[in-house]
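Asks: Please find data_20.txt (compact mmCIF, C-alpha atoms) on the next line:
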# COMPACT_ATOMS: atom_id res chain seq x y z
CA MET A 3 16.90 -6.07 -19.76
CA THR A 4 14.51 -5.50 -22.65
CA SER A 5 13.53 -2.03 -23.82
CA THR A 6 10.93 -0.61 -26.15
CA ASP A 7 11.48 1.87 -28.97
CA PRO A 8 11.09 5.53 -27.96
CA VAL A 9 7.63 7.10 -27.93
CA VAL A 10 7.16 10.89 -28.12
CA ARG A 11 4.14 12.76 -26.81
CA HIS A 12 3.50 16.24 -25.37
CA GLY A 13 7.19 17.15 -25.35
CA LEU A 14 8.23 13.97 -23.54
CA ALA A 15 10.17 11.07 -24.96
CA ARG A 16 9.97 7.76 -23.18
CA VAL A 17 11.33 4.24 -23.26
CA ASP A 18 10.03 1.36 -21.18
CA HIS A 19 12.44 -1.12 -19.61
CA THR A 20 11.74 -4.56 -18.14
CA LEU A 21 14.23 -6.80 -16.37
CA GLU A 22 13.95 -10.12 -14.58
CA VAL A 23 15.30 -10.39 -11.03
CA PRO A 24 15.33 -13.09 -8.33
CA ILE A 25 12.42 -13.02 -5.89
CA ASP A 26 14.76 -14.10 -3.11
CA ARG A 27 18.28 -12.72 -3.51
CA SER A 28 19.68 -15.44 -1.22
CA GLU A 29 18.28 -18.10 -3.59
CA PRO A 30 18.83 -16.73 -7.10
CA HIS A 31 17.48 -19.91 -8.70
CA GLY A 32 14.36 -20.02 -6.56
CA GLY A 33 12.10 -18.04 -8.87
CA ALA A 34 12.08 -14.70 -10.64
CA THR A 35 9.88 -11.65 -10.96
CA ARG A 36 9.79 -8.88 -13.56
CA VAL A 37 10.54 -5.26 -12.70
CA PHE A 38 9.36 -2.39 -14.89
CA ALA A 39 10.72 1.15 -15.22
CA ARG A 40 9.86 4.02 -17.54
CA GLU A 41 12.64 6.38 -18.64
CA VAL A 42 11.60 9.88 -19.76
CA TRP A 43 13.50 12.89 -21.10
CA ALA A 44 12.66 16.18 -22.77
CA VAL A 45 12.22 16.06 -26.52
CA GLY A 46 15.24 17.67 -28.16
CA ALA A 47 17.63 16.85 -25.33
CA ASP A 48 20.68 14.66 -25.88
CA ARG A 49 19.53 11.61 -23.97
CA ALA A 50 22.94 9.96 -23.79
CA ALA A 51 24.55 13.08 -22.34
CA LEU A 52 21.98 13.59 -19.57
CA PRO A 53 22.69 12.44 -16.00
CA VAL A 54 20.12 10.00 -14.66
CA LEU A 55 17.72 10.61 -11.78
CA LEU A 56 15.83 7.66 -10.28
CA PHE A 57 12.48 8.51 -8.72
CA LEU A 58 11.46 6.32 -5.79
CA GLN A 59 7.73 6.45 -5.12
CA GLY A 60 6.06 6.46 -1.72
CA GLY A 61 4.18 3.54 -0.28
CA PRO A 62 4.99 0.77 0.32
CA GLY A 63 3.03 -0.68 -2.56
CA GLY A 64 2.77 2.44 -4.71
CA ALA A 65 3.50 2.31 -8.42
CA ALA A 66 5.49 5.11 -10.04
CA PRO A 67 3.54 8.03 -11.56
CA ARG A 68 2.72 8.07 -15.26
CA PRO A 69 3.59 11.60 -16.37
CA ARG A 70 1.75 13.04 -19.35
CA VAL A 71 3.30 16.52 -19.48
CA LYS A 72 6.40 18.33 -18.26
CA ASP A 73 5.17 19.98 -15.08
CA GLY A 74 5.78 19.97 -11.33
CA TRP A 75 8.97 18.42 -10.04
CA LEU A 76 9.34 16.37 -13.20
CA GLY A 77 9.42 19.44 -15.41
CA ALA A 78 12.19 20.92 -13.28
CA ALA A 79 14.13 17.65 -13.20
CA LEU A 80 13.98 17.22 -16.97
CA GLU A 81 15.86 20.47 -17.47
CA ARG A 82 19.06 18.63 -16.52
CA HIS A 83 18.25 14.92 -16.25
CA ARG A 84 16.63 11.96 -17.79
CA VAL A 85 14.31 10.51 -15.21
CA VAL A 86 13.69 6.85 -14.44
CA LEU A 87 10.35 6.00 -12.84
CA LEU A 88 10.56 2.60 -11.16
CA ASP A 89 7.51 0.47 -10.40
CA GLN A 90 8.73 -1.17 -7.21
CA ARG A 91 8.40 -4.95 -7.25
CA GLY A 92 4.79 -6.06 -6.90
CA THR A 93 3.31 -2.77 -8.14
CA GLY A 94 2.25 -1.23 -11.44
CA ARG A 95 3.74 -3.28 -14.27
CA SER A 96 6.31 -4.99 -12.02
CA ASP A 97 4.41 -8.30 -11.77
CA PRO A 98 1.77 -6.67 -9.56
CA ILE A 99 0.37 -8.43 -6.51
CA ASP A 100 -3.40 -8.58 -6.80
CA VAL A 101 -5.85 -10.89 -5.04
CA ALA A 102 -7.66 -11.17 -8.37
CA SER A 103 -4.69 -13.24 -9.55
CA PRO A 104 -3.30 -15.00 -6.44
CA TRP A 105 0.18 -16.44 -6.24
CA THR A 106 0.30 -20.20 -6.78
CA ASP A 107 2.76 -23.01 -6.15
CA ALA A 108 4.32 -25.28 -8.78
CA ALA A 109 1.12 -27.34 -8.93
CA GLY A 110 -1.04 -24.28 -9.57
CA ARG A 111 -2.54 -24.18 -6.06
CA PRO A 112 -2.84 -20.83 -4.21
CA LEU A 113 -0.04 -20.36 -1.68
CA ASP A 114 -0.93 -21.15 1.91
CA ASP A 115 -0.56 -18.45 4.58
CA ALA A 116 3.00 -19.38 5.54
CA ALA A 117 4.24 -19.52 1.95
CA LEU A 118 2.49 -16.25 1.12
CA ALA A 119 4.05 -14.51 4.12
CA ALA A 120 7.49 -15.89 3.24
CA ARG A 121 7.22 -14.50 -0.27
CA LEU A 122 5.84 -11.11 0.78
CA ALA A 123 8.84 -10.73 3.08
CA HIS A 124 10.96 -10.33 -0.07
CA TYR A 125 9.13 -7.14 -1.09
CA ARG A 126 10.77 -4.75 1.38
CA ALA A 127 13.33 -2.00 0.93
CA ASP A 128 16.38 -4.26 0.69
CA ALA A 129 14.89 -6.16 -2.27
CA ILE A 130 13.68 -2.98 -3.97
CA VAL A 131 17.13 -1.41 -3.70
CA ALA A 132 18.75 -4.56 -5.11
CA ASP A 133 16.33 -4.39 -8.06
CA ALA A 134 17.24 -0.74 -8.59
CA GLU A 135 20.92 -1.65 -8.60
CA ASP A 136 20.32 -4.21 -11.37
CA LEU A 137 18.49 -1.51 -13.29
CA ARG A 138 21.31 1.03 -12.76
CA ARG A 139 23.95 -1.37 -14.10
CA ALA A 140 21.80 -2.16 -17.12
CA LEU A 141 21.21 1.54 -17.89
CA VAL A 142 24.53 3.23 -17.08
CA GLY A 143 27.00 0.38 -16.54
CA ASP A 144 28.80 -0.87 -13.46
CA ALA A 145 30.75 2.36 -13.01
CA GLY A 146 27.84 4.67 -13.78
CA ARG A 147 26.14 6.62 -11.01
CA TRP A 148 22.77 8.28 -10.64
CA THR A 149 20.87 10.61 -8.32
CA LEU A 150 17.90 9.50 -6.22
CA LEU A 151 14.71 11.41 -5.55
CA GLY A 152 12.71 9.70 -2.82
CA GLN A 153 9.18 10.75 -1.92
CA SER A 154 7.93 9.61 1.52
CA TYR A 155 8.69 5.85 1.70
CA GLY A 156 10.94 6.49 -1.29
CA GLY A 157 13.15 8.41 1.13
CA PHE A 158 13.34 5.32 3.34
CA LEU A 159 14.48 3.40 0.26
CA ALA A 160 17.08 6.08 -0.45
CA PHE A 161 18.65 5.63 2.99
CA THR A 162 18.74 1.86 2.49
CA TYR A 163 20.45 2.58 -0.85
CA LEU A 164 22.94 4.85 0.93
CA SER A 165 23.65 2.03 3.37
CA ASN A 166 24.16 -0.67 0.75
CA HIS A 167 25.50 1.03 -2.39
CA PRO A 168 26.81 4.54 -1.66
CA ASP A 169 29.32 4.36 -4.51
CA ALA A 170 26.43 4.10 -6.99
CA LEU A 171 25.08 7.54 -6.02
CA GLU A 172 25.87 11.05 -7.21
CA GLY A 173 23.45 12.51 -4.71
CA VAL A 174 20.17 12.00 -2.89
CA LEU A 175 17.09 14.19 -2.68
CA VAL A 176 14.36 13.31 -0.15
CA ALA A 177 10.89 14.82 0.22
CA GLY A 178 9.13 13.99 3.48
CA GLY A 179 10.92 10.68 3.96
CA VAL A 180 13.98 10.83 6.22
CA PRO A 181 13.49 7.69 8.35
CA SER A 182 14.54 6.84 11.85
CA LEU A 183 17.46 4.43 11.63
CA ASP A 184 16.49 2.32 14.64
CA ARG A 185 13.20 3.32 16.25
CA PRO A 186 10.56 0.56 16.30
CA ALA A 187 7.17 0.87 14.65
CA LEU A 188 5.47 1.44 18.00
CA ASP A 189 7.42 4.68 18.51
CA VAL A 190 6.34 5.88 15.07
CA TYR A 191 2.64 5.18 15.60
CA ARG A 192 2.56 6.64 19.08
CA THR A 193 3.94 9.85 17.60
CA THR A 194 1.66 9.94 14.56
CA TYR A 195 -1.48 9.36 16.65
CA ARG A 196 -0.51 12.37 18.75
CA ALA A 197 0.00 14.31 15.54
CA LEU A 198 -3.48 13.25 14.40
CA LEU A 199 -5.02 14.73 17.54
CA GLY A 200 -3.40 18.03 16.62
CA LYS A 201 -4.69 17.78 13.05
CA LEU A 202 -8.24 17.23 14.34
CA ARG A 203 -8.08 20.35 16.49
CA ALA A 204 -6.64 22.38 13.61
CA PHE A 205 -9.44 21.10 11.35
CA GLU A 206 -12.07 22.29 13.83
CA ARG A 207 -10.47 25.73 13.96
CA CYS A 208 -10.55 25.88 10.17
CA TYR A 209 -14.10 24.52 9.82
CA PRO A 210 -16.06 25.07 13.06
CA GLY A 211 -18.83 22.52 13.50
CA ASP A 212 -17.33 19.90 11.20
CA LEU A 213 -16.20 17.64 14.03
CA ALA A 214 -19.82 17.49 15.19
CA ARG A 215 -20.83 16.48 11.64
CA TRP A 216 -18.09 13.83 11.68
CA ARG A 217 -19.33 12.42 15.00
CA ALA A 218 -22.92 12.40 13.69
CA LEU A 219 -21.78 10.50 10.61
CA ALA A 220 -19.95 7.96 12.78
CA GLU A 221 -23.02 7.46 14.97
CA HIS A 222 -25.28 7.05 11.93
CA VAL A 223 -23.04 4.44 10.36
CA ALA A 224 -22.67 2.54 13.65
CA GLU A 225 -26.40 2.48 14.39
CA ARG A 226 -27.94 1.93 10.96
CA ASP A 227 -27.68 -0.99 8.60
CA ASP A 228 -27.19 1.47 5.75
CA ARG A 229 -26.39 -0.46 2.59
CA SER A 230 -25.70 0.46 -1.01
CA ALA A 231 -27.74 -0.87 -3.90
CA ASP A 232 -25.29 -3.79 -4.27
CA GLY A 233 -25.45 -4.70 -0.59
CA ARG A 234 -22.28 -3.10 0.77
CA ARG A 235 -22.52 -1.63 4.25
CA ALA A 236 -20.69 1.48 5.38
CA THR A 237 -18.65 0.86 8.54
CA PRO A 238 -17.37 2.87 11.51
CA LEU A 239 -13.82 1.94 10.47
CA GLN A 240 -14.35 3.67 7.12
CA VAL A 241 -15.53 6.80 8.94
CA ALA A 242 -12.50 6.69 11.26
CA TYR A 243 -10.15 6.50 8.27
CA LEU A 244 -11.35 9.91 7.15
CA GLY A 245 -8.55 11.08 9.43
CA ASN A 246 -6.09 10.11 6.73
CA LEU A 247 -7.33 13.03 4.64
CA LEU A 248 -5.80 15.44 7.15
CA GLY A 249 -2.27 14.54 6.09
CA SER A 250 -2.31 16.36 2.73
CA GLY A 251 -2.47 20.01 1.81
CA SER A 252 -5.94 19.88 0.29
CA GLY A 253 -7.22 17.10 2.55
CA PRO A 254 -9.02 19.28 5.11
CA ASP A 255 -10.97 20.98 2.31
CA VAL A 256 -11.86 17.61 0.78
CA LEU A 257 -13.01 16.37 4.18
CA HIS A 258 -15.10 19.48 4.78
CA GLU A 259 -16.89 19.07 1.47
CA LEU A 260 -17.49 15.39 2.21
CA LEU A 261 -18.98 16.07 5.64
CA GLU A 262 -21.25 18.78 4.25
CA ARG A 263 -23.08 16.27 2.07
CA ALA A 264 -22.41 12.89 3.64
CA LEU A 265 -25.95 12.53 4.98
CA VAL A 266 -29.26 13.32 3.31
CA GLY A 267 -32.59 13.65 5.07
CA GLU A 268 -33.16 14.17 8.79
CA GLY A 269 -34.00 12.13 11.84
CA GLU A 270 -35.23 8.62 11.09
CA ARG A 271 -35.21 9.44 7.39
CA ALA A 272 -31.52 10.31 7.38
CA ALA A 273 -29.40 8.19 5.02
CA LEU A 274 -25.86 8.05 3.80
CA SER A 275 -25.71 9.89 0.51
CA THR A 276 -24.31 8.28 -2.63
CA PRO A 277 -21.36 10.72 -2.74
CA GLY A 278 -20.80 10.12 0.96
CA ARG A 279 -20.73 6.36 0.53
CA ARG A 280 -18.24 6.57 -2.32
CA ALA A 281 -16.05 8.96 -0.36
CA LEU A 282 -15.95 6.60 2.61
CA GLU A 283 -14.89 3.71 0.41
CA ASN A 284 -12.16 5.81 -1.21
CA ALA A 285 -10.87 7.20 2.09
CA GLN A 286 -9.89 3.74 3.32
CA PRO A 287 -6.20 3.77 2.31
CA PHE A 288 -5.25 0.10 2.01
CA GLY A 289 -7.84 -1.87 0.05
CA ALA A 290 -6.34 -1.48 -3.42
CA SER A 291 -2.80 -2.47 -2.46
CA PRO A 292 -2.03 -5.74 -0.70
CA ILE A 293 1.61 -4.71 -0.20
CA TYR A 294 0.54 -1.43 1.40
CA ALA A 295 -1.57 -3.26 3.99
CA ALA A 296 0.38 -6.46 4.63
CA LEU A 297 3.85 -4.88 4.71
CA HIS A 298 3.09 -1.44 6.04
CA GLU A 299 4.46 -2.02 9.54
CA SER A 300 7.41 -4.05 8.28
CA ILE A 301 8.99 -0.95 6.74
CA TYR A 302 10.12 -0.21 10.31
CA ALA A 303 10.97 -3.82 11.29
CA GLN A 304 14.58 -4.67 12.10
CA GLY A 305 15.31 -7.70 14.27
CA ALA A 306 12.00 -7.71 16.16
CA PRO A 307 8.31 -8.32 15.44
CA THR A 308 6.02 -5.36 14.89
CA ALA A 309 3.17 -7.21 16.68
CA TRP A 310 0.45 -4.94 15.25
CA ALA A 311 2.22 -1.83 16.56
CA ALA A 312 -0.41 0.59 15.25
CA ALA A 313 -3.21 -1.26 17.02
CA ARG A 314 -1.21 -1.17 20.26
CA ALA A 315 -0.53 2.54 19.87
CA HIS A 316 -4.21 3.15 19.17
CA ALA A 317 -5.23 1.27 22.31
CA GLU A 318 -2.98 3.56 24.32
CA VAL A 319 -4.30 6.77 22.82
CA ALA A 320 -7.92 5.60 22.86
CA ALA A 321 -7.80 5.51 26.66
CA VAL A 322 -7.20 9.28 26.76
CA TRP A 323 -8.95 10.33 23.52
CA PRO A 324 -10.93 13.54 24.14
CA ASP A 325 -14.69 12.97 23.99
CA GLU A 326 -15.24 15.97 21.74
CA LEU A 327 -13.06 14.53 18.98
CA PRO A 328 -14.25 11.82 16.58
CA ARG A 329 -12.35 8.54 16.68
CA ALA A 330 -9.93 8.66 13.77
CA HIS A 331 -7.06 6.85 12.09
CA ALA A 332 -4.56 7.99 9.48
CA GLU A 333 -1.97 5.74 7.82
CA VAL A 334 -2.19 2.66 10.02
CA ALA A 335 -2.82 -0.95 8.99
CA LEU A 336 -5.05 -2.44 11.68
CA PRO A 337 -5.78 -6.18 11.94
CA GLU A 338 -9.53 -5.64 11.54
CA LEU A 339 -8.91 -4.29 8.05
CA PHE A 340 -8.14 -7.82 6.90
CA ASP A 341 -11.58 -8.94 8.04
CA GLU A 342 -13.54 -5.96 6.79
CA VAL A 343 -12.01 -5.26 3.37
CA ALA A 344 -12.87 -8.01 0.90
CA GLU A 345 -9.71 -7.49 -1.16
CA LEU A 346 -7.54 -8.03 1.94
CA ARG A 347 -9.22 -11.09 3.43
CA PRO A 348 -7.03 -13.57 1.50
CA LEU A 349 -4.00 -11.95 3.19
CA ARG A 350 -5.29 -12.14 6.78
CA GLY A 351 -3.31 -15.21 7.77
CA ALA A 352 -0.13 -14.02 6.06
CA ALA A 353 -0.44 -10.59 7.68
CA GLU A 354 -0.67 -12.25 11.11
CA ILE A 355 2.48 -14.26 10.41
CA LEU A 356 4.34 -11.15 9.24
CA ALA A 357 3.27 -9.26 12.37
CA ARG A 358 4.84 -12.01 14.52
CA GLN A 359 8.03 -12.38 12.44
CA ALA A 360 11.08 -11.61 14.54
CA ASP A 361 14.03 -12.19 12.21
CA TRP A 362 13.68 -9.17 9.98
CA PRO A 363 17.07 -8.14 8.56
CA ALA A 364 18.43 -4.65 9.10
CA LEU A 365 17.25 -1.98 6.68
CA TYR A 366 20.03 0.52 7.43
CA ASP A 367 23.71 0.26 8.30
CA PRO A 368 24.44 3.04 10.81
CA ALA A 369 28.19 2.44 10.57
CA VAL A 370 28.13 3.11 6.82
CA LEU A 371 25.73 6.04 7.12
CA GLU A 372 27.81 7.68 9.82
CA ARG A 373 30.68 7.83 7.29
CA ASN A 374 28.45 9.12 4.48
CA ARG A 375 30.08 11.28 1.82
CA VAL A 376 27.18 11.42 -0.66
CA PRO A 377 25.45 14.83 -0.64
CA VAL A 378 21.89 14.49 0.67
CA ALA A 379 19.30 17.26 0.56
CA ALA A 380 16.01 16.62 2.33
CA VAL A 381 12.85 18.46 3.24
CA ALA A 382 11.08 17.55 6.48
CA TYR A 383 7.58 18.90 6.99
CA ALA A 384 7.13 20.35 10.45
CA GLU A 385 3.53 19.13 10.75
CA ASP A 386 3.90 15.85 8.86
CA LEU A 387 1.22 13.31 9.87
CA TYR A 388 3.21 10.28 8.71
CA VAL A 389 6.95 10.86 9.13
CA PRO A 390 7.71 12.41 12.53
CA LEU A 391 9.88 15.49 12.26
CA ALA A 392 11.83 14.67 15.44
CA PHE A 393 12.90 11.30 14.06
CA SER A 394 14.03 12.86 10.78
CA GLN A 395 16.09 15.38 12.71
CA GLU A 396 17.69 12.59 14.74
CA THR A 397 18.82 10.88 11.56
CA ALA A 398 20.04 14.07 9.93
CA ALA A 399 22.19 14.72 13.00
CA ARG A 400 23.75 11.24 12.76
CA VAL A 401 24.46 11.14 9.03
CA PRO A 402 27.12 13.51 7.64
CA ASN A 403 26.45 15.54 4.49
CA VAL A 404 22.69 15.69 5.09
CA ARG A 405 21.22 19.14 4.68
CA LEU A 406 17.74 19.23 6.19
CA TRP A 407 15.21 21.89 5.25
CA VAL A 408 12.41 22.06 7.82
CA THR A 409 9.27 23.91 6.76
CA ASN A 410 5.61 24.22 7.72
CA GLU A 411 4.66 25.60 4.30
CA PHE A 412 3.59 22.19 3.02
CA GLU A 413 2.04 18.98 4.22
CA HIS A 414 3.35 15.49 3.45
CA ASP A 415 2.37 15.82 -0.22
CA GLY A 416 4.57 18.87 -0.80
CA LEU A 417 6.41 17.28 -3.73
CA ARG A 418 3.10 16.59 -5.45
CA SER A 419 1.30 19.83 -4.59
CA HIS A 420 4.26 22.23 -5.02
CA GLY A 421 6.67 20.00 -6.87
CA GLU A 422 8.69 22.51 -8.87
CA ARG A 423 9.36 24.72 -5.86
CA VAL A 424 10.30 21.82 -3.58
CA PHE A 425 12.52 20.15 -6.18
CA ARG A 426 14.43 23.35 -7.02
CA ARG A 427 15.03 24.07 -3.34
CA LEU A 428 16.36 20.54 -2.81
CA GLN A 429 18.67 20.95 -5.80
CA GLU A 430 20.00 24.18 -4.33
CA LEU A 431 20.63 22.51 -0.96
CA ARG A 432 22.41 19.60 -2.59
CA VAL A 433 24.93 21.73 -4.49
CA GLY A 434 25.13 24.57 -1.97
Kindly present the structure from the file in structure tokens form.

Replies:
Amino acid sequence: MTSTDPVVRHGLARVDHTLEVPIDRSEPHGGATRVFAREVWAVGADRAALPVLLFLQGGPGGAAPRPRVKDGWLGAALERHRVVLLDQRGTGRSDPIDVASPWTDAAGRPLDDAALAARLAHYRADAIVADAEDLRRALVGDAGRWTLLGQSYGGFLAFTYLSNHPDALEGVLVAGGVPSLDRPALDVYRTTYRALLGKLRAFERCYPGDLARWRALAEHVAERDDRSADGRRATPLQVAYLGNLLGSGSGPDVLHELLERALVGEGERAALSTPGRRALENAQPFGASPIYAALHESIYAQGAPTAWAAARAHAEVAAVWPDELPRAHAEVALPELFDEVAELRPLRGAAEILARQADWPALYDPAVLERNRVPVAAVAYAEDLYVPLAFSQETAARVPNVRLWVTNEFEHDGLRSHGERVFRRLQELRVG
């Protein structure tokens, strides 16, 4: 591992670490990738004496945050810890995957679909946890232990960590990310589509008339060849993905403001406004992250293909979708995304191969987890759009030493929107 000299700014001290790890752990000489992590602590604290907390970001495909000040959950954590912010492999500064710089073979040619899919398969939770273990040993030694804080998908990673390396952990904190240990992706998406229907009805109660505006926007985009100055056309799929906004605390307000000014003019002179067009492009959740799109369903895959589970779940719910509700999606990677989104088109063939892959290794070891002795404190959000509460409760009932706090005070982004409060409550649960 290589590390930079400390930098101090706004009451935070930081050091950046980079280490090289195998792409494929079963073939350690088959190629390497670099993994980046930023370590931060409060200025004036004794860094060497502080216990270490590893933050595992949501995703998949999300880089760690870049804190500028001591606030939110980080401010609370820095009272007692030094915090390590890991860019999971393929994100941030960890040799990021970007179609602007495609992977190539030894001869410099872009990887074909099969080779690309084979490599992407090494960017799941098991590989990320192995990278984190290399980082732990480099930072605190073989016998050193640390605490995990997993947000959303970071909680999934934490349970993989608990399965594979429980002796490396002092404790685990999870915010909105207690996974099912064995349910397939189809179960998850069936449940989250039902949750989305509830979110749509709640949105209409909060902002009467907005669903009619949403449907009008969808009809306009479907019927008009409405293009931006640089030739890009708005699509019905973009409008449907506005449903993803309903999964955060401020999302319904953001959606309301968008719908208020999405169209300008009336009748035949109606047009998609410039702010509306930009909002539609930003609402589509997968375009900027190839890992997020190509591997999204595989975070649930264990021993069976996902077979475009979200698309299958959508087909089921579409047959009974109420006419008064706009067609909507939340956090689902649909196959048509890889045709519509320019940044994802190079991954279309690989994504199809990954959807058919049947030999996915297990992500969790129930036998190990059912003997768990590491204290785990987790918050599950009662109305979470992405991580079904019932599945989190199933897992908490199976794994000893898990204390589960269920609340409807926050949405899925509770750690971001009310970070200090959520973090302190998790700390209390862990030690209490």

Asks: Between A:Arg147, A:His331, A:Arg207, A:Arg234, which has the minimum distance to Ala315 (chain A) (counting only C-alpha atoms)?

Replies: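 Smallest separation from Ala315 (chain A) among the options: A:His331.
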
Asks: Have a look at A:Gly421, A:Gly179, A:Gly200, A:Pro53 and name the one nearest to Leu141 (chain A); count only C-alpha atoms.

Replies: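 Using only C-alpha atoms, Leu141 (chain A) sits closest to A:Pro53.
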
Asks: With a distance cut-off of 8 Å and all atoms listed in the file, select the neighbouring residues of Pro377 (chain A), excluding the residue or stretch itself and same-chain residues fewer than 5 positions from it, and output the selection as a ChimeraX atom specification.

Replies: /A:172-174,403-404,432-433

Asks: Excluding region 323-326 of chain A and residues on its chain fewer than 3 positions from it, collect all residues at most 10 Å away from it, counting only C-alpha atoms, and give them as a ChimeraX atom specification.

Replies: /A:196,199,203,213-214,217,316-320,329-330

Asks: Kindly save the residues from that selection, with C-alpha atoms included, as a tab-separated table (two decimals), in the frame of the given file.

Replies:
chain	number	residue	atom	x	y	z
A	196	ARG	CA	-0.51	12.37	18.75
A	199	LEU	CA	-5.02	14.73	17.54
A	203	ARG	CA	-8.08	20.35	16.49
A	213	LEU	CA	-16.20	17.64	14.03
A	214	ALA	CA	-19.82	17.49	15.19
A	217	ARG	CA	-19.33	12.42	15.00
A	316	HIS	CA	-4.21	3.15	19.17
A	317	ALA	CA	-5.23	1.27	22.31
A	318	GLU	CA	-2.98	3.56	24.32
A	319	VAL	CA	-4.30	6.77	22.82
A	320	ALA	CA	-7.92	5.60	22.86
A	329	ARG	CA	-12.35	8.54	16.68
A	330	ALA	CA	-9.93	8.66	13.77

Asks: Could you tell me, as a tab-separated table (two decimals) with C-alpha atoms, in the coordinates of the input, which residues have any atom at most 10 Å from (-7.0, 11.8, 1.5), counting only C-alpha atoms?

Replies:
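Everything below was put into result.tsv:
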chain	number	residue	atom	x	y	z
A	243	TYR	CA	-10.15	6.50	8.27
A	244	LEU	CA	-11.35	9.91	7.15
A	245	GLY	CA	-8.55	11.08	9.43
A	246	ASN	CA	-6.09	10.11	6.73
A	247	LEU	CA	-7.33	13.03	4.64
A	248	LEU	CA	-5.80	15.44	7.15
A	249	GLY	CA	-2.27	14.54	6.09
A	250	SER	CA	-2.31	16.36	2.73
A	251	GLY	CA	-2.47	20.01	1.81
A	252	SER	CA	-5.94	19.88	0.29
A	253	GLY	CA	-7.22	17.10	2.55
A	254	PRO	CA	-9.02	19.28	5.11
A	256	VAL	CA	-11.86	17.61	0.78
A	257	LEU	CA	-13.01	16.37	4.18
A	281	ALA	CA	-16.05	8.96	-0.36
A	284	ASN	CA	-12.16	5.81	-1.21
A	285	ALA	CA	-10.87	7.20	2.09
A	286	GLN	CA	-9.89	3.74	3.32
A	287	PRO	CA	-6.20	3.77	2.31
A	332	ALA	CA	-4.56	7.99	9.48

Asks: Counting all atoms listed in the file, which of A:Glu385, A:Asp227, A:Glu333, A:Asp367 gets nearest to Ala197 (chain A)?

Replies: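 Checking each of A:Glu385, A:Asp227, A:Glu333, A:Asp367 against Ala197 (chain A), counting all atoms listed in the file, the winner is A:Glu385.
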
Asks: So that I can see what lies close to Arg40 (chain A), please list as a ChimeraX atom specification the residues with an atom at most 9 Å from it, counting all atoms listed in the file and leaving out residues fewer than 4 positions away in the same chain.

Replies: /A:16-20,66,68,85-89

Asks: Do a neighbour search on Asp169 (chain A) at 12 Å with all atoms listed in the file, toss out local chain neighbours closer than 6 positions, and write the hits as a list in words.

Replies: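 So the residues in contact are Glu135, Arg138, Asp144, Ala145, Gly146, Arg147, Trp148, Thr149, Tyr163, Val370, Asn374, Arg375, Val376 and Pro377 of chain A.
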
Asks: Generate the output file for the selected residues, C-alpha atoms, as a compact mmCIF listing (two decimals), in the frame of the given file.

Replies:
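And here is the file that came out, out.txt:
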# COMPACT_ATOMS: atom_id res chain seq x y z
CA GLU A 135 20.92 -1.65 -8.60
CA ARG A 138 21.31 1.03 -12.76
CA ASP A 144 28.80 -0.87 -13.46
CA ALA A 145 30.75 2.36 -13.01
CA GLY A 146 27.84 4.67 -13.78
CA ARG A 147 26.14 6.62 -11.01
CA TRP A 148 22.77 8.28 -10.64
CA THR A 149 20.87 10.61 -8.32
CA TYR A 163 20.45 2.58 -0.85
CA VAL A 370 28.13 3.11 6.82
CA ASN A 374 28.45 9.12 4.48
CA ARG A 375 30.08 11.28 1.82
CA VAL A 376 27.18 11.42 -0.66
CA PRO A 377 25.45 14.83 -0.64
